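Participant: Could you have a look at this structure, given as structure tokens, before my questions?
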Amino acid sequence: MTTGSLDFPVQLRPPERRFGLSLPVDRTEPSSDHELMLAVRGGELDALGELFERHQRPLLGFLVNLTGDRTAAEDIAQTVFQRMLKYRHTYRDDGSFTAWMYHLARRCAADHYRKSSSQPAAVDPAELSEHADEGPTAPERAAHGEDREILRRALACLGPDEREVLLLSRFQELSFAQVAGVLECSVGAARVRAHRALAELRRHFLKLQKGACP
Amino acid sequence: MNCEKTREYMIELIDGRLAGPAGDEVRAHLEACPACRAELGELRETLAALDRLPAPEPSPRLRERVLAAVEREKRSLHSAPTPAPLTRRRSWLFPATQALAACGLLALGFFIGTRRAPPGADLATQRELADLRSRVDSMGQLVGYSILQQQDRSSNDRLEGVLASAAVRKPGDTVINGLITSLALDPSVNVRLNALQALYAHRDKEVVRTSVLVSLPRETSPLVQLAMIDFLAATRDRGAAPALQRLSAADGIDHNVREAAQRALTQL
Ligand SMILES: [Zn+2]
């Protein structure tokens with residue numbers, strides 16, 4: 001019996017992605033997120049730095065909108081990247097990096113609030129308005145500044161689950177099937193929940209616009 | 001398609017990612033339904049406003065903290081000794097396992113879920129060992145295998161033992177029993193994985209399949225769980241179905257493991 005005969009006939013992972021995968025440093029084509037994460041998984045931990053640079057903004061934006069708490073959002077974002085390191089072996093060959101990242105983000109946010117035993121449900125609008133004016137150019141601020149503030153308040157009126165599904169639906173790189181995967185529900189349920197959340201957001205927005213405080 | 005169903009698809013329609021027959025049906029309904037058209041316009045407006053919300057600028061501290069975590073992890077990788085045999089063996093193990101194994105991480109028991117409890121430390125372990133032994137006994141195959149003796153050896157030594165067992169051309173029952181015990185009880189993920197790999201050649205023996213089945217519910221490392229699931233799927237043994245079903249429904253299971261168990265169920 002040779003060692004070769006010990007091989008499993010069923011290989012879940014494609015054989016071409018063997019150990020030894022290294023970062024293609026001298027390639028002109030930039031690596032995809034997926035390639036980078038496979039490199040991290042293979043031990044090229046520096047590739048996580050590149051993934052961090054690519055994703056820190058959308059991830060932080062998601063977490064700030066989800067929690068309404070800038071400090072908590074940064075702490076959670078840090079935990080997300082730490083867990084990518086720790087659980088890199090669970091990243092799959094057929095995985096989507098973005099879906100995986102938001103899957104982790106969601107867990108990390110839940111853990112964060114379990115630990116601190118406070119809920120992200122009641123978002124303090126004052127906290128949100130702190131960074132309401134960050135971002136784009138002055139003319140854009142003038143045009144959208146007020147509505148933006150109202151929208152942040154409306155977002156804060158949603159339940160955490162509603163905010164979560166709605167914010168996830170905004171990532172164009174995630175299909176609804178992937179959103180459903182992140183939320184661990186069926187695609188149909190994700191669609192229904194996202195639509196309800198959006199309709200709720202609009203209802204709160206209009207109410208706040210008219211000056212009514214919920 | 002009715003109004004309710006149409007509305008569920010509106011976000012995807014607005015984002016321009018609704019294709020196929022569902023897209024056609026939604027568009028046909030909108031054509032005929034002014035109420036849904038009005039709702040579509042309103043939702044489009046709200047979504048556009050939501051998308052315009054500026055993302056906050058991450059603080060430099062976040063980058064510092066994440067990069068520091070990467071550096072820490074790199075140091076812990078490089079300080080780990082490399083188990084020599086793994087580098088010259090061709091392995092069926094998936095790349096993550098190979099990478100980690102080659103880095104010596106597995107041998108160090110760095111891994112989450114690595115069992116620390118020495119054999120015999122808890123009642124469940126003892127019962128399981130007794131169970132395994134009785135199964136082996138009943139086949140008249142138990143030849144002395146001292147687990148206690150194993151405890152004094154480093155995981156590298158135990159790994160060498162497992163690899164040596166795997167290389168035996170005509171392994172006797174002693175060798176197989178040793179591998180079974182390593183799979184069930186060794187505290188090192190690396191040793192357990194290699195024991196499982198070596199046992200694959202003996203999958204036609206009922207005692208081997210049973211031992212994998214018995215070990216699966218107690219296994220805490222997602223890597224070994226995945227490998228065990230692969231093993232069971234490959235044996236096409238219908239007897240594995242209940243264990244896989246339990247695993248796919250259990251709480252606190254790594255989602256990759258759960259998915260693999262569900263997939264394996266379809267392959268039995
Ligand atoms: Zn309609």
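Order determines the names: the first chain of the structure tokens is A, the second B, and so forth; residues in each chain are numbered 1 upward, and ligands are numbered 1 upward as they are shown.
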Which chains and residue numbers are within 8 Å of ligand 1, counting only C-alpha atoms and all ligand atoms, if I want them as an mmCIF file with all heavy atoms, in the first residue's frame?

Facilitator:
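Final file, result_27.cif:
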data_model
loop_
_atom_site.group_PDB
_atom_site.id
_atom_site.type_symbol
_atom_site.label_atom_id
_atom_site.label_comp_id
_atom_site.auth_asym_id
_atom_site.auth_seq_id
_atom_site.Cartn_x
_atom_site.Cartn_y
_atom_site.Cartn_z
ATOM 1 N N ASN B 2 -48.749 38.729 -8.071
ATOM 2 C CA ASN B 2 -49.628 39.697 -7.408
ATOM 3 C C ASN B 2 -48.821 40.870 -6.832
ATOM 4 O O ASN B 2 -47.600 40.909 -6.934
ATOM 5 C CB ASN B 2 -50.435 39.001 -6.301
ATOM 6 C CG ASN B 2 -49.532 38.359 -5.255
ATOM 7 O OD1 ASN B 2 -48.367 38.734 -5.108
ATOM 8 N ND2 ASN B 2 -50.069 37.390 -4.537
ATOM 9 N N CYS B 3 -49.525 41.811 -6.208
ATOM 10 C CA CYS B 3 -48.866 43.014 -5.686
ATOM 11 C C CYS B 3 -47.841 42.656 -4.620
ATOM 12 O O CYS B 3 -46.732 43.180 -4.603
ATOM 13 C CB CYS B 3 -49.898 43.969 -5.080
ATOM 14 S SG CYS B 3 -51.032 44.633 -6.316
ATOM 15 N N GLU B 4 -48.244 41.761 -3.713
ATOM 16 C CA GLU B 4 -47.381 41.421 -2.593
ATOM 17 C C GLU B 4 -46.043 40.852 -3.083
ATOM 18 O O GLU B 4 -44.969 41.276 -2.670
ATOM 19 C CB GLU B 4 -48.099 40.403 -1.704
ATOM 20 C CG GLU B 4 -47.525 40.310 -0.318
ATOM 21 C CD GLU B 4 -48.186 39.194 0.485
ATOM 22 O OE1 GLU B 4 -49.398 38.973 0.306
ATOM 23 O OE2 GLU B 4 -47.471 38.545 1.247
ATOM 24 N N THR B 6 -44.778 41.108 -6.060
ATOM 25 C CA THR B 6 -44.068 42.117 -6.840
ATOM 26 C C THR B 6 -43.226 43.008 -5.939
ATOM 27 O O THR B 6 -42.079 43.315 -6.239
ATOM 28 C CB THR B 6 -45.079 42.982 -7.610
ATOM 29 O OG1 THR B 6 -45.801 42.133 -8.500
ATOM 30 C CG2 THR B 6 -44.393 44.071 -8.401
ATOM 31 N N ARG B 7 -43.832 43.413 -4.815
ATOM 32 C CA ARG B 7 -43.118 44.334 -3.923
ATOM 33 C C ARG B 7 -41.869 43.713 -3.321
ATOM 34 O O ARG B 7 -40.881 44.394 -3.089
ATOM 35 C CB ARG B 7 -44.078 44.849 -2.849
ATOM 36 C CG ARG B 7 -45.036 45.842 -3.481
ATOM 37 C CD ARG B 7 -46.200 46.262 -2.648
ATOM 38 N NE ARG B 7 -47.151 46.900 -3.576
ATOM 39 C CZ ARG B 7 -48.033 47.811 -3.226
ATOM 40 N NH1 ARG B 7 -48.131 48.196 -1.968
ATOM 41 N NH2 ARG B 7 -48.834 48.344 -4.126
ATOM 42 N N HIS B 29 -46.356 42.916 -14.229
ATOM 43 C CA HIS B 29 -47.307 43.343 -13.212
ATOM 44 C C HIS B 29 -47.273 44.863 -13.056
ATOM 45 O O HIS B 29 -48.319 45.520 -12.969
ATOM 46 C CB HIS B 29 -47.017 42.685 -11.866
ATOM 47 C CG HIS B 29 -47.938 43.152 -10.775
ATOM 48 N ND1 HIS B 29 -49.139 42.524 -10.498
ATOM 49 C CD2 HIS B 29 -47.867 44.214 -9.919
ATOM 50 C CE1 HIS B 29 -49.752 43.170 -9.526
ATOM 51 N NE2 HIS B 29 -48.992 44.200 -9.150
ATOM 52 N N LEU B 30 -46.075 45.428 -13.037
ATOM 53 C CA LEU B 30 -45.930 46.878 -12.861
ATOM 54 C C LEU B 30 -46.629 47.641 -13.986
ATOM 55 O O LEU B 30 -47.240 48.685 -13.758
ATOM 56 C CB LEU B 30 -44.444 47.256 -12.815
ATOM 57 C CG LEU B 30 -43.763 46.980 -11.468
ATOM 58 C CD1 LEU B 30 -42.252 47.041 -11.617
ATOM 59 C CD2 LEU B 30 -44.231 47.972 -10.405
ATOM 60 N N ALA B 32 -49.223 46.886 -15.418
ATOM 61 C CA ALA B 32 -50.676 46.870 -15.266
ATOM 62 C C ALA B 32 -51.155 47.451 -13.945
ATOM 63 O O ALA B 32 -52.344 47.644 -13.750
ATOM 64 C CB ALA B 32 -51.175 45.421 -15.404
ATOM 65 N N CYS B 33 -50.238 47.719 -13.012
ATOM 66 C CA CYS B 33 -50.659 48.093 -11.660
ATOM 67 C C CYS B 33 -50.095 49.451 -11.237
ATOM 68 O O CYS B 33 -48.926 49.552 -10.880
ATOM 69 C CB CYS B 33 -50.231 47.007 -10.671
ATOM 70 S SG CYS B 33 -50.661 47.385 -8.966
ATOM 71 N N PRO B 34 -50.926 50.487 -11.266
ATOM 72 C CA PRO B 34 -50.466 51.839 -10.904
ATOM 73 C C PRO B 34 -50.001 51.920 -9.442
ATOM 74 O O PRO B 34 -49.051 52.638 -9.141
ATOM 75 C CB PRO B 34 -51.707 52.714 -11.097
ATOM 76 C CG PRO B 34 -52.687 51.901 -11.859
ATOM 77 C CD PRO B 34 -52.353 50.473 -11.643
ATOM 78 N N ALA B 35 -50.661 51.184 -8.544
ATOM 79 C CA ALA B 35 -50.294 51.239 -7.117
ATOM 80 C C ALA B 35 -48.848 50.770 -6.922
ATOM 81 O O ALA B 35 -48.068 51.394 -6.202
ATOM 82 C CB ALA B 35 -51.250 50.381 -6.296
ATOM 83 N N CYS B 36 -48.513 49.654 -7.574
ATOM 84 C CA CYS B 36 -47.156 49.124 -7.436
ATOM 85 C C CYS B 36 -46.140 50.063 -8.092
ATOM 86 O O CYS B 36 -45.022 50.202 -7.610
ATOM 87 C CB CYS B 36 -47.047 47.724 -8.043
ATOM 88 S SG CYS B 36 -47.658 46.440 -6.924
ATOM 89 N N ARG B 37 -46.554 50.706 -9.182
ATOM 90 C CA ARG B 37 -45.639 51.655 -9.833
ATOM 91 C C ARG B 37 -45.339 52.815 -8.889
ATOM 92 O O ARG B 37 -44.201 53.269 -8.790
ATOM 93 C CB ARG B 37 -46.254 52.179 -11.140
ATOM 94 C CG ARG B 37 -46.048 51.272 -12.334
ATOM 95 C CD ARG B 37 -46.094 52.054 -13.645
ATOM 96 N NE ARG B 37 -47.346 52.779 -13.834
ATOM 97 C CZ ARG B 37 -48.486 52.227 -14.296
ATOM 98 N NH1 ARG B 37 -48.512 50.939 -14.613
ATOM 99 N NH2 ARG B 37 -49.569 52.959 -14.445
#

Participant: Atom CA of Val80 of chain A and atom CA of Ala177 of chain A, how far apart in Å?

Facilitator: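 Pair atom CA of Ala177 of chain A / atom CA of Val80 of chain A returns 21.8 Å.
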
Participant: Name the residues in contact with Leu51 of chain A at a cut-off of 8 Å, using only C-alpha atoms, excluding same-chain residues fewer than 4 positions from it; report them as a PyMOL selection string.

Facilitator: chain A and resi 33+36-37+47+55

Participant: Between atom CA of Leu47 of chain B and atom CA of Ile150 of chain A, what is the distance in Å, rounded to a tenth?

Facilitator: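 These two atoms are separated by 13.8 Å.
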
Participant: Pick out the closest residue to Asn65 of chain A from this set: A:Arg152, A:Arg191, A:Leu206, A:Phe176. Count only C-alpha atoms.

Facilitator: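 Comparing A:Arg152, A:Arg191, A:Leu206, A:Phe176 against Asn65 of chain A, the winner is A:Arg152.
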
Participant: Identify all residues of segment 40-206 of chain A in helix (DSSP H, G or I) (DSSP on the backbone) and supply them as number ranges by chain.

Facilitator: A: 40-41, 47-67, 70-86, 88-90, 97-115, 125-129, 138-157, 160-169, 176-183, 187-206

Participant: Val187 of chain A: which residues within 12 Å, counting only C-alpha atoms, same-chain residues fewer than 2 positions away excluded, as a ChimeraX atom specification?

Facilitator: /A:165,169,175-185,189-194 /B:8-9

Participant: Any idea what's packed within 9 Å of Gly61 of chain A, counting only C-alpha atoms, ignoring anything in its chain fewer than 6 positions away? Could you give it as a PyMOL selection string?

Facilitator: (chain A and resi 73) or (chain B and resi 53-58)

Participant: Keeping all heavy atoms for every residue in the selection just given, could you write it to a file as a compact mmCIF listing (two decimals), in the first residue's frame?

Facilitator:
# COMPACT_ATOMS: atom_id res chain seq x y z
N ALA A 73 -18.75 50.56 16.49
CA ALA A 73 -18.55 50.11 15.11
C ALA A 73 -17.07 49.83 14.83
O ALA A 73 -16.72 48.84 14.20
CB ALA A 73 -19.10 51.13 14.13
N LEU B 53 -25.92 58.05 1.90
CA LEU B 53 -25.37 58.28 3.24
C LEU B 53 -23.86 58.07 3.17
O LEU B 53 -23.41 57.01 2.74
CB LEU B 53 -25.97 57.30 4.25
CG LEU B 53 -27.35 57.62 4.80
CD1 LEU B 53 -27.76 56.56 5.82
CD2 LEU B 53 -27.41 59.00 5.41
N PRO B 54 -23.09 59.06 3.58
CA PRO B 54 -21.64 58.90 3.46
C PRO B 54 -21.10 57.90 4.48
O PRO B 54 -21.59 57.85 5.62
CB PRO B 54 -21.11 60.30 3.76
CG PRO B 54 -22.16 60.94 4.58
CD PRO B 54 -23.48 60.33 4.19
N ALA B 55 -20.15 57.10 4.02
CA ALA B 55 -19.49 56.18 4.96
C ALA B 55 -18.50 56.99 5.79
O ALA B 55 -17.77 57.80 5.24
CB ALA B 55 -18.78 55.07 4.20
N PRO B 56 -18.47 56.78 7.09
CA PRO B 56 -17.53 57.53 7.92
C PRO B 56 -16.09 57.13 7.61
O PRO B 56 -15.84 56.01 7.17
CB PRO B 56 -17.92 57.13 9.34
CG PRO B 56 -18.59 55.81 9.19
CD PRO B 56 -19.25 55.82 7.86
N GLU B 57 -15.19 58.03 7.81
CA GLU B 57 -13.77 57.76 7.59
C GLU B 57 -13.24 56.93 8.77
O GLU B 57 -13.35 57.33 9.91
CB GLU B 57 -13.02 59.09 7.51
CG GLU B 57 -11.60 58.99 7.02
CD GLU B 57 -11.47 58.39 5.63
OE1 GLU B 57 -12.42 58.53 4.80
OE2 GLU B 57 -10.45 57.74 5.38
N PRO B 58 -12.69 55.73 8.48
CA PRO B 58 -12.16 54.93 9.59
C PRO B 58 -10.97 55.65 10.24
O PRO B 58 -10.22 56.34 9.55
CB PRO B 58 -11.69 53.65 8.91
CG PRO B 58 -12.34 53.64 7.58
CD PRO B 58 -12.54 55.06 7.19
